[in-house]
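J.: Next comes the structure file run.cif, holding mmCIF, C-alpha atoms and all ligand atoms.
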data_entry
#
loop_
_atom_site.group_PDB
_atom_site.id
_atom_site.type_symbol
_atom_site.label_atom_id
_atom_site.label_comp_id
_atom_site.auth_asym_id
_atom_site.auth_seq_id
_atom_site.Cartn_x
_atom_site.Cartn_y
_atom_site.Cartn_z
ATOM 1 C CA LEU E 1 -12.780 -13.693 -18.498
ATOM 2 C CA SER E 2 -9.920 -12.704 -16.273
ATOM 3 C CA SER E 3 -8.097 -14.787 -13.709
ATOM 4 C CA PHE E 4 -8.049 -14.065 -10.013
ATOM 5 C CA PRO E 5 -4.987 -12.039 -9.074
ATOM 6 C CA SER E 6 -2.064 -14.203 -8.058
ATOM 7 C CA TYR E 7 -1.981 -12.805 -4.515
ATOM 8 C CA ILE E 8 -5.552 -13.720 -3.559
ATOM 9 C CA ASN E 9 -4.472 -16.732 -1.426
ATOM 10 C CA LEU E 10 -2.063 -14.418 0.411
ATOM 11 C CA LEU E 11 -4.768 -12.026 1.623
ATOM 12 C CA PRO E 12 -4.899 -13.493 5.168
ATOM 13 C CA SER E 13 -1.132 -12.849 5.412
ATOM 14 C CA VAL E 14 -1.644 -9.333 4.094
ATOM 15 C CA GLN E 15 -4.205 -8.833 6.854
ATOM 16 C CA THR E 16 -1.685 -10.098 9.430
ATOM 17 C CA CYS E 17 0.935 -7.684 8.098
ATOM 18 C CA ASN E 18 -1.569 -4.838 8.404
ATOM 19 C CA ILE E 19 -2.552 -5.758 11.976
ATOM 20 C CA THR E 20 1.133 -5.990 12.946
ATOM 21 C CA ASN E 21 2.036 -2.558 11.563
ATOM 22 C CA LEU E 22 -0.996 -0.282 11.767
ATOM 23 C CA PRO E 23 -3.920 0.471 14.103
ATOM 24 C CA GLU E 24 -6.292 0.821 11.129
ATOM 25 C CA ASN E 25 -7.466 -2.740 10.404
ATOM 26 C CA TYR E 26 -10.094 -4.220 8.108
ATOM 27 C CA PHE E 27 -12.215 -7.352 7.724
ATOM 28 C CA LEU E 28 -10.826 -9.933 5.318
ATOM 29 C CA LYS E 29 -13.758 -9.298 2.985
ATOM 30 C CA TYR E 30 -12.559 -5.714 2.472
ATOM 31 C CA TYR E 31 -9.184 -6.992 1.178
ATOM 32 C CA LEU E 32 -11.070 -9.415 -1.039
ATOM 33 C CA TYR E 33 -13.267 -6.589 -2.325
ATOM 34 C CA HIS E 34 -10.171 -4.622 -3.364
ATOM 35 C CA ALA E 35 -8.589 -7.675 -5.016
ATOM 36 C CA LEU E 36 -11.708 -8.587 -6.968
ATOM 37 C CA THR E 37 -12.784 -5.077 -7.956
ATOM 38 C CA TRP E 38 -9.393 -3.535 -8.826
ATOM 39 C CA PRO E 39 -7.077 -6.551 -9.247
ATOM 40 C CA GLN E 40 -4.353 -4.497 -10.944
ATOM 41 C CA LEU E 41 -3.871 -1.945 -8.157
ATOM 42 C CA SER E 42 -2.724 -3.872 -5.075
ATOM 43 C CA PHE E 43 0.648 -5.550 -4.655
ATOM 44 C CA VAL E 44 2.449 -7.707 -2.113
ATOM 45 C CA ALA E 45 6.131 -8.174 -1.336
ATOM 46 C CA VAL E 46 6.968 -11.751 -0.336
ATOM 47 C CA VAL E 47 10.043 -13.693 0.727
ATOM 48 C CA ARG E 48 10.649 -17.296 -0.288
ATOM 49 C CA PRO E 49 12.723 -19.925 1.541
ATOM 50 C CA LYS E 50 16.443 -19.894 0.828
ATOM 51 C CA GLY E 51 17.258 -22.500 -1.818
ATOM 52 C CA GLY E 52 13.631 -22.715 -2.968
ATOM 53 C CA TYR E 53 10.885 -25.108 -1.880
ATOM 54 C CA GLY E 54 12.530 -28.320 -3.029
ATOM 55 C CA ASN E 55 14.989 -28.718 -0.148
ATOM 56 C CA GLY E 56 14.096 -32.353 0.537
ATOM 57 C CA ARG E 57 12.507 -31.572 3.901
ATOM 58 C CA GLY E 58 8.945 -31.243 2.643
ATOM 59 C CA TYR E 59 6.877 -28.195 1.760
ATOM 60 C CA ASP E 60 7.129 -25.359 4.269
ATOM 61 C CA HIS E 61 3.647 -23.884 4.569
ATOM 62 C CA SER E 62 4.918 -20.789 6.354
ATOM 63 C CA TYR E 63 6.194 -19.553 2.960
ATOM 64 C CA PRO E 64 5.842 -17.395 1.002
ATOM 65 C CA LYS E 65 5.794 -14.786 3.791
ATOM 66 C CA VAL E 66 4.185 -11.414 3.129
ATOM 67 C CA VAL E 67 6.595 -8.679 4.268
ATOM 68 C CA GLY E 68 4.801 -5.735 2.690
ATOM 69 C CA TYR E 69 1.709 -4.744 0.759
ATOM 70 C CA VAL E 70 -0.087 -1.830 -0.785
ATOM 71 C CA LEU E 71 -3.871 -2.037 -0.761
ATOM 72 C CA ALA E 72 -5.300 0.351 -3.328
ATOM 73 C CA LYS E 73 -8.557 1.154 -5.089
ATOM 74 C CA MET E 74 -10.263 3.604 -7.395
ATOM 75 C CA GLU E 75 -12.494 6.138 -5.642
ATOM 76 C CA GLU E 76 -16.002 4.914 -6.410
ATOM 77 C CA GLU E 77 -17.872 8.220 -6.251
ATOM 78 C CA PRO E 78 -15.268 10.968 -6.698
ATOM 79 C CA SER E 79 -16.711 14.222 -5.350
ATOM 80 C CA ASP E 80 -14.761 16.230 -7.953
ATOM 81 C CA GLY E 81 -15.926 13.992 -10.820
ATOM 82 C CA MET E 82 -12.333 13.040 -11.675
ATOM 83 C CA ALA E 83 -11.325 9.380 -11.793
ATOM 84 C CA HIS E 84 -8.672 8.920 -9.159
ATOM 85 C CA GLY E 85 -6.980 6.216 -7.151
ATOM 86 C CA HIS E 86 -6.736 5.937 -3.385
ATOM 87 C CA ILE E 87 -4.199 4.169 -1.196
ATOM 88 C CA THR E 88 -6.241 2.368 1.451
ATOM 89 C CA SER E 89 -3.238 0.974 3.319
ATOM 90 C CA LEU E 90 0.505 0.476 2.979
ATOM 91 C CA SER E 91 2.919 -1.230 5.339
ATOM 92 C CA VAL E 92 6.200 -3.116 5.441
ATOM 93 C CA MET E 93 7.330 -5.444 8.246
ATOM 94 C CA ARG E 94 9.992 -3.934 10.529
ATOM 95 C CA THR E 95 12.470 -6.650 9.506
ATOM 96 C CA HIS E 96 12.306 -5.478 5.886
ATOM 97 C CA ARG E 97 12.171 -1.689 6.158
ATOM 98 C CA ARG E 98 14.498 0.802 4.435
ATOM 99 C CA LEU E 99 15.074 -1.564 1.522
ATOM 100 C CA GLY E 100 12.963 0.412 -0.931
ATOM 101 C CA ILE E 101 9.988 -1.994 -0.719
ATOM 102 C CA ALA E 102 7.320 0.613 0.067
ATOM 103 C CA GLU E 103 8.594 2.914 -2.667
ATOM 104 C CA ARG E 104 8.414 0.100 -5.227
ATOM 105 C CA LEU E 105 4.945 -1.008 -4.102
ATOM 106 C CA MET E 106 3.683 2.581 -4.360
ATOM 107 C CA ARG E 107 5.206 3.182 -7.792
ATOM 108 C CA MET E 108 3.714 -0.068 -9.130
ATOM 109 C CA SER E 109 0.268 0.857 -7.857
ATOM 110 C CA GLN E 110 0.498 4.422 -9.169
ATOM 111 C CA ARG E 111 1.497 3.151 -12.641
ATOM 112 C CA ALA E 112 -1.395 0.676 -12.691
ATOM 113 C CA MET E 113 -3.865 3.403 -11.672
ATOM 114 C CA ALA E 114 -2.718 5.597 -14.548
ATOM 115 C CA GLU E 115 -2.452 2.863 -17.170
ATOM 116 C CA SER E 116 -5.440 0.650 -16.295
ATOM 117 C CA HIS E 117 -7.884 3.273 -15.047
ATOM 118 C CA ARG E 118 -6.690 6.617 -16.455
ATOM 119 C CA ALA E 119 -6.535 7.970 -12.912
ATOM 120 C CA HIS E 120 -5.975 11.737 -12.834
ATOM 121 C CA TYR E 121 -4.327 11.513 -9.434
ATOM 122 C CA VAL E 122 -3.868 9.313 -6.394
ATOM 123 C CA SER E 123 -4.906 10.324 -2.881
ATOM 124 C CA LEU E 124 -4.202 9.045 0.628
ATOM 125 C CA HIS E 125 -4.417 9.940 4.308
ATOM 126 C CA VAL E 126 -1.522 9.787 6.729
ATOM 127 C CA ARG E 127 -1.215 10.611 10.433
ATOM 128 C CA VAL E 128 0.412 13.993 11.009
ATOM 129 C CA SER E 129 2.871 12.279 13.406
ATOM 130 C CA ASN E 130 3.926 9.577 10.905
ATOM 131 C CA ASN E 131 7.301 10.981 9.874
ATOM 132 C CA ALA E 132 8.533 7.874 8.026
ATOM 133 C CA ALA E 133 5.463 7.668 5.803
ATOM 134 C CA LEU E 134 5.421 11.444 5.286
ATOM 135 C CA ARG E 135 9.023 11.359 4.117
ATOM 136 C CA LEU E 136 8.197 8.543 1.726
ATOM 137 C CA TYR E 137 5.107 10.228 0.281
ATOM 138 C CA ARG E 138 6.316 13.823 0.131
ATOM 139 C CA ASP E 139 10.065 13.620 -0.431
ATOM 140 C CA THR E 140 10.504 10.315 -2.291
ATOM 141 C CA LEU E 141 7.270 10.098 -4.287
ATOM 142 C CA GLY E 142 6.355 13.784 -4.673
ATOM 143 C CA PHE E 143 2.919 13.865 -3.003
ATOM 144 C CA GLU E 144 1.565 17.231 -1.877
ATOM 145 C CA VAL E 145 -0.516 18.040 1.190
ATOM 146 C CA GLU E 146 -3.995 19.079 0.077
ATOM 147 C CA LYS E 147 -5.453 19.780 3.525
ATOM 148 C CA ILE E 148 -5.473 18.679 7.156
ATOM 149 C CA GLU E 149 -8.482 16.594 8.180
ATOM 150 C CA SER E 150 -9.144 17.236 11.839
ATOM 151 C CA LYS E 151 -9.605 14.160 14.089
ATOM 152 C CA TYR E 152 -9.654 11.871 11.043
ATOM 153 C CA TYR E 153 -8.480 8.835 13.023
ATOM 154 C CA ALA E 154 -10.458 6.920 15.664
ATOM 155 C CA ASP E 155 -8.038 8.059 18.419
ATOM 156 C CA GLY E 156 -8.536 11.737 17.496
ATOM 157 C CA GLU E 157 -5.298 12.334 15.574
ATOM 158 C CA ASP E 158 -5.403 14.620 12.522
ATOM 159 C CA ALA E 159 -4.569 13.395 9.019
ATOM 160 C CA TYR E 160 -2.824 15.016 6.111
ATOM 161 C CA ALA E 161 -4.891 14.445 2.981
ATOM 162 C CA MET E 162 -2.251 14.106 0.273
ATOM 163 C CA HIS E 163 -2.343 13.661 -3.481
ATOM 164 C CA LEU E 164 -0.069 13.110 -6.455
ATOM 165 C CA ASP E 165 -0.854 13.924 -10.089
ATOM 166 C CA LEU E 166 -0.714 10.875 -12.377
ATOM 167 C CA LYS E 167 -1.633 12.395 -15.750
ATOM 168 C CA SER E 168 2.026 12.516 -16.782
ATOM 169 C CA MET E 169 1.974 8.680 -16.721
ATOM 170 C CA TRP E 170 -0.933 8.328 -19.211
HETATM 171 N N1 LIG E 201 12.573 7.734 8.466
HETATM 172 C C1 LIG E 201 12.788 8.673 7.532
HETATM 173 N N2 LIG E 201 12.523 8.475 6.188
HETATM 174 C C2 LIG E 201 12.000 7.278 5.842
HETATM 175 C C3 LIG E 201 11.758 6.257 6.781
HETATM 176 C C4 LIG E 201 12.065 6.521 8.153
HETATM 177 N N3 LIG E 201 11.868 5.618 9.125
HETATM 178 N N4 LIG E 201 11.232 5.192 6.136
HETATM 179 C C5 LIG E 201 11.162 5.515 4.835
HETATM 180 N N5 LIG E 201 11.613 6.781 4.641
HETATM 181 C C6 LIG E 201 11.723 7.523 3.378
HETATM 182 C C7 LIG E 201 13.176 7.652 2.979
HETATM 183 O O1 LIG E 201 13.296 8.817 2.183
HETATM 184 C C8 LIG E 201 13.375 6.391 2.147
HETATM 185 O O2 LIG E 201 14.448 6.478 1.252
HETATM 186 P P1 LIG E 201 15.952 6.103 1.789
HETATM 187 O O3 LIG E 201 15.851 4.815 2.531
HETATM 188 O O4 LIG E 201 16.727 6.014 0.500
HETATM 189 O O5 LIG E 201 16.345 7.244 2.672
HETATM 190 C C9 LIG E 201 12.083 6.346 1.377
HETATM 191 O O6 LIG E 201 11.091 6.784 2.303
HETATM 192 C C10 LIG E 201 11.737 4.966 0.829
HETATM 193 O O7 LIG E 201 11.724 4.073 1.913
HETATM 194 P P2 LIG E 201 11.310 2.548 1.759
HETATM 195 O O8 LIG E 201 12.488 1.692 2.101
HETATM 196 O O9 LIG E 201 10.656 2.310 0.436
HETATM 197 O O10 LIG E 201 10.209 2.429 2.896
HETATM 198 P P3 LIG E 201 9.873 1.128 3.747
HETATM 199 O O11 LIG E 201 9.798 -0.073 2.848
HETATM 200 O O12 LIG E 201 10.769 1.037 4.915
HETATM 201 O O13 LIG E 201 8.379 1.445 4.254
HETATM 202 C C11 LIG E 201 6.749 2.563 5.600
HETATM 203 C C12 LIG E 201 8.013 2.722 4.750
HETATM 204 C C13 LIG E 201 5.644 1.894 4.753
HETATM 205 C C14 LIG E 201 6.239 3.924 6.038
HETATM 206 C C15 LIG E 201 7.108 1.670 6.825
HETATM 207 O O14 LIG E 201 7.927 2.403 7.688
HETATM 208 C C16 LIG E 201 5.914 1.154 7.607
HETATM 209 O O15 LIG E 201 5.343 0.111 7.277
HETATM 210 N N6 LIG E 201 5.503 1.899 8.673
HETATM 211 C C17 LIG E 201 4.410 1.475 9.535
HETATM 212 C C18 LIG E 201 3.095 1.482 8.769
HETATM 213 C C19 LIG E 201 2.797 2.850 8.176
HETATM 214 O O16 LIG E 201 3.050 3.879 8.768
HETATM 215 N N7 LIG E 201 2.215 2.844 6.942
HETATM 216 C C20 LIG E 201 1.775 4.062 6.238
HETATM 217 C C21 LIG E 201 0.456 4.500 6.800
HETATM 218 S S1 LIG E 201 -0.387 5.676 5.718
HETATM 219 C C22 LIG E 201 -1.322 4.693 4.660
HETATM 220 O O17 LIG E 201 -1.393 3.497 4.828
HETATM 221 C C23 LIG E 201 -2.009 5.355 3.469
#
Written as structure tokens, that's how I'd like the structure from this file.
T.:
Amino acid sequence: LSSFPSYINLLPSVQTCNITNLPENYFLKYYLYHALTWPQLSFVAVVRPKGGYGNGRGYDHSYPKVVGYVLAKMEEEPSDGMAHGHITSLSVMRTHRRLGIAERLMRMSQRAMAESHRAHYVSLHVRVSNNAALRLYRDTLGFEVEKIESKYYADGEDAYAMHLDLKSMW
């Protein structure tokens, strides 16, 4: 038996964070599917009220607030036959950017893919115009561009298909 991941009650807030930051959105059941199938691979960044919950003014249900998440999975039918992870979605609220949150979320997910699932590599797609994410993936984390996927997104924009080797983390 294994317990539900601790973030499962936060999935509606993860969905809100996604809708706020990205045009690619998903049904709640897709977040739940990730959390139940690969509970080790997704992470959230939350903020708690200053001074904790016990401030004498009752429980504040608006906390904890999700300010970032990485939603990740293992590729279920890898075309190259190699077990590998995939980043479905990553975002951080504007108010909390450039604090190293996305980098930490990505590194935690990458480690879990290697250690829990012996992932050979991790893949993702990113819009060719998304300079912030490209900088994060390529320059900070060391991803490489594998190919350009033409008109990958619903609005016709191309995607870079990127990947990062994880075997060094086994
Ligand atoms: N401009 C240039 N470089 C950037 C930027 C930026 N705006 N943001 C991050 N980086 C690079 C920098 O090298 C940065 O290191 P530094 O701050 O020491 O210079 C490094 O990435 C790490 O930055 P973080 O602070 O970890 O990144 P942050 O927490 O701000 O989140 C993110 C970055 C996720 C791209 C954020 O800007 C965001 O949510 N954007 C909107 C949603 C989005 O584009 N998500 C990715 C879509 S692709 C996908 O989901 C697979």
J.: Using all atoms listed in the file for the distances, tell me which of E:Ala112, E:Glu76, E:Arg118, E:Ser89 is nearest to Glu24 in chain E.
T.: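 Result for the nearest residue to Glu24 in chain E: E:Ser89.
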J.: To test your reading of the syntax: which residues would the PyMOL selection byres (((not hetatm)) within 6 of (chain E and resi 201)) return for the file shown? Reply as a PyMOL selection string.
T.: chain E and resi 21-22+87-93+97-103+124-126+132-133+135-136+140
J.: Generate the output file for the selected residues, C-alpha atoms, as a PDB file, in the coordinates of the input.
T.:
ATOM      1  CA  ASN E  21       2.036  -2.558  11.563  1.00  0.00           C
ATOM      2  CA  LEU E  22      -0.996  -0.282  11.767  1.00  0.00           C
ATOM      3  CA  ILE E  87      -4.199   4.169  -1.196  1.00  0.00           C
ATOM      4  CA  THR E  88      -6.241   2.368   1.451  1.00  0.00           C
ATOM      5  CA  SER E  89      -3.238   0.974   3.319  1.00  0.00           C
ATOM      6  CA  LEU E  90       0.505   0.476   2.979  1.00  0.00           C
ATOM      7  CA  SER E  91       2.919  -1.230   5.339  1.00  0.00           C
ATOM      8  CA  VAL E  92       6.200  -3.116   5.441  1.00  0.00           C
ATOM      9  CA  MET E  93       7.330  -5.444   8.246  1.00  0.00           C
ATOM     10  CA  ARG E  97      12.171  -1.689   6.158  1.00  0.00           C
ATOM     11  CA  ARG E  98      14.498   0.802   4.435  1.00  0.00           C
ATOM     12  CA  LEU E  99      15.074  -1.564   1.522  1.00  0.00           C
ATOM     13  CA  GLY E 100      12.963   0.412  -0.931  1.00  0.00           C
ATOM     14  CA  ILE E 101       9.988  -1.994  -0.719  1.00  0.00           C
ATOM     15  CA  ALA E 102       7.320   0.613   0.067  1.00  0.00           C
ATOM     16  CA  GLU E 103       8.594   2.914  -2.667  1.00  0.00           C
ATOM     17  CA  LEU E 124      -4.202   9.045   0.628  1.00  0.00           C
ATOM     18  CA  HIS E 125      -4.417   9.940   4.308  1.00  0.00           C
ATOM     19  CA  VAL E 126      -1.522   9.787   6.729  1.00  0.00           C
ATOM     20  CA  ALA E 132       8.533   7.874   8.026  1.00  0.00           C
ATOM     21  CA  ALA E 133       5.463   7.668   5.803  1.00  0.00           C
ATOM     22  CA  ARG E 135       9.023  11.359   4.117  1.00  0.00           C
ATOM     23  CA  LEU E 136       8.197   8.543   1.726  1.00  0.00           C
ATOM     24  CA  THR E 140      10.504  10.315  -2.291  1.00  0.00           C
TER      25      THR E 140
END
J.: Given the file shown, determine the residues that the PyMOL selection byres (((chain E and resi 114) around 9) and not hetatm) selects; report them as a PDB file with C-alpha atoms, in the frame of the given file.
T.:
ATOM      1  CA  HIS E  84      -8.672   8.920  -9.159  1.00  0.00           C
ATOM      2  CA  GLY E  85      -6.980   6.216  -7.151  1.00  0.00           C
ATOM      3  CA  SER E 109       0.268   0.857  -7.857  1.00  0.00           C
ATOM      4  CA  GLN E 110       0.498   4.422  -9.169  1.00  0.00           C
ATOM      5  CA  ARG E 111       1.497   3.151 -12.641  1.00  0.00           C
ATOM      6  CA  ALA E 112      -1.395   0.676 -12.691  1.00  0.00           C
ATOM      7  CA  MET E 113      -3.865   3.403 -11.672  1.00  0.00           C
ATOM      8  CA  GLU E 115      -2.452   2.863 -17.170  1.00  0.00           C
ATOM      9  CA  SER E 116      -5.440   0.650 -16.295  1.00  0.00           C
ATOM     10  CA  HIS E 117      -7.884   3.273 -15.047  1.00  0.00           C
ATOM     11  CA  ARG E 118      -6.690   6.617 -16.455  1.00  0.00           C
ATOM     12  CA  ALA E 119      -6.535   7.970 -12.912  1.00  0.00           C
ATOM     13  CA  HIS E 120      -5.975  11.737 -12.834  1.00  0.00           C
ATOM     14  CA  TYR E 121      -4.327  11.513  -9.434  1.00  0.00           C
ATOM     15  CA  LEU E 166      -0.714  10.875 -12.377  1.00  0.00           C
ATOM     16  CA  LYS E 167      -1.633  12.395 -15.750  1.00  0.00           C
ATOM     17  CA  SER E 168       2.026  12.516 -16.782  1.00  0.00           C
ATOM     18  CA  MET E 169       1.974   8.680 -16.721  1.00  0.00           C
ATOM     19  CA  TRP E 170      -0.933   8.328 -19.211  1.00  0.00           C
TER      20      TRP E 170
END
J.: Find the spatial neighbours of Ala159 in chain E, counting all atoms listed in the file, within a cut-off of 7 Å - ignore same-chain residues fewer than 4 positions away - and output them as a PyMOL selection string.
T.: chain E and resi 125-128+148-150+152
J.: Give me, please, the distance in Å between CA of Tyr30 in chain E and CA of His61 in chain E, quoted to one decimal.
T.: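 CA of His61 in chain E lies 24.4 Å from CA of Tyr30 in chain E.
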J.: Which residues would end up in the selection if the PyMOL selection byres (((chain E and resi 35) around 9) and not hetatm) were applied here, given that I need the answer as a PyMOL selection string?
T.: chain E and resi 4-5+7-8+11+30-34+36-42+71-73
J.: How would the residues just chosen look if you wrote them out with C-alpha atoms as a PDB file, in the coordinates of the input?
T.:
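New file selection-v2.pdb:
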ATOM      1  CA  PHE E   4      -8.049 -14.065 -10.013  1.00  0.00           C
ATOM      2  CA  PRO E   5      -4.987 -12.039  -9.074  1.00  0.00           C
ATOM      3  CA  TYR E   7      -1.981 -12.805  -4.515  1.00  0.00           C
ATOM      4  CA  ILE E   8      -5.552 -13.720  -3.559  1.00  0.00           C
ATOM      5  CA  LEU E  11      -4.768 -12.026   1.623  1.00  0.00           C
ATOM      6  CA  TYR E  30     -12.559  -5.714   2.472  1.00  0.00           C
ATOM      7  CA  TYR E  31      -9.184  -6.992   1.178  1.00  0.00           C
ATOM      8  CA  LEU E  32     -11.070  -9.415  -1.039  1.00  0.00           C
ATOM      9  CA  TYR E  33     -13.267  -6.589  -2.325  1.00  0.00           C
ATOM     10  CA  HIS E  34     -10.171  -4.622  -3.364  1.00  0.00           C
ATOM     11  CA  LEU E  36     -11.708  -8.587  -6.968  1.00  0.00           C
ATOM     12  CA  THR E  37     -12.784  -5.077  -7.956  1.00  0.00           C
ATOM     13  CA  TRP E  38      -9.393  -3.535  -8.826  1.00  0.00           C
ATOM     14  CA  PRO E  39      -7.077  -6.551  -9.247  1.00  0.00           C
ATOM     15  CA  GLN E  40      -4.353  -4.497 -10.944  1.00  0.00           C
ATOM     16  CA  LEU E  41      -3.871  -1.945  -8.157  1.00  0.00           C
ATOM     17  CA  SER E  42      -2.724  -3.872  -5.075  1.00  0.00           C
ATOM     18  CA  LEU E  71      -3.871  -2.037  -0.761  1.00  0.00           C
ATOM     19  CA  ALA E  72      -5.300   0.351  -3.328  1.00  0.00           C
ATOM     20  CA  LYS E  73      -8.557   1.154  -5.089  1.00  0.00           C
TER      21      LYS E  73
END
J.: Can you work out the spacing between CA of Ser13 in chain E and CA of Arg48 in chain E in Å, to one decimal?
T.: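 Straight-line distance from CA of Ser13 in chain E to CA of Arg48 in chain E works out to 13.8 Å.
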J.: Pick out the residues sitting within 8 Å of Val67 in chain E, and hand them over as JSON, numbers by chain; count all atoms listed in the file, and ignore anything fewer than 6 positions along from it in its own chain.
T.: {"E": [17, 44, 45, 46, 47, 92, 93, 96]}
J.: Tell me which of E:Val66, E:Phe43, E:Lys50, E:Ile19 sits closest to Ser6 in chain E, counting only C-alpha atoms.
T.: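 Smallest separation from Ser6 in chain E among the options: E:Phe43.
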J.: Grab the CA of Glu144 in chain E to CA of Leu164 in chain E distance for me, in Å with one decimal place.
T.: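 For CA of Glu144 in chain E relative to CA of Leu164 in chain E, the distance reads 6.4 Å.
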J.: Give the answer as one residue: which of E:Tyr69, E:Met74, E:Thr20, E:His163 has the shortest atom-to-atom distance to Arg104 in chain E, using all atoms listed in the file?
T.: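 Looking at the shortest contact to Arg104 in chain E, the residue is E:Tyr69.
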J.: Taking into account all atoms listed in the file, which residue in the set E:Tyr59, E:Tyr53, E:Phe27, E:Tyr153 is nearest to Ser129 in chain E?
T.: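 Ranked by minimum distance to Ser129 in chain E, first place goes to E:Tyr153.
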J.: Box time for range 159-164 of chain E: axis-aligned, enclosing all its listed atoms, 8 Å extra on each side; report centre and edge lengths in Å to one decimal, as lines of an AutoDock Vina configuration file.
T.:
center_x = -2.5
center_y = 14.1
center_z = 1.3
size_x = 20.8
size_y = 17.9
size_z = 31.5
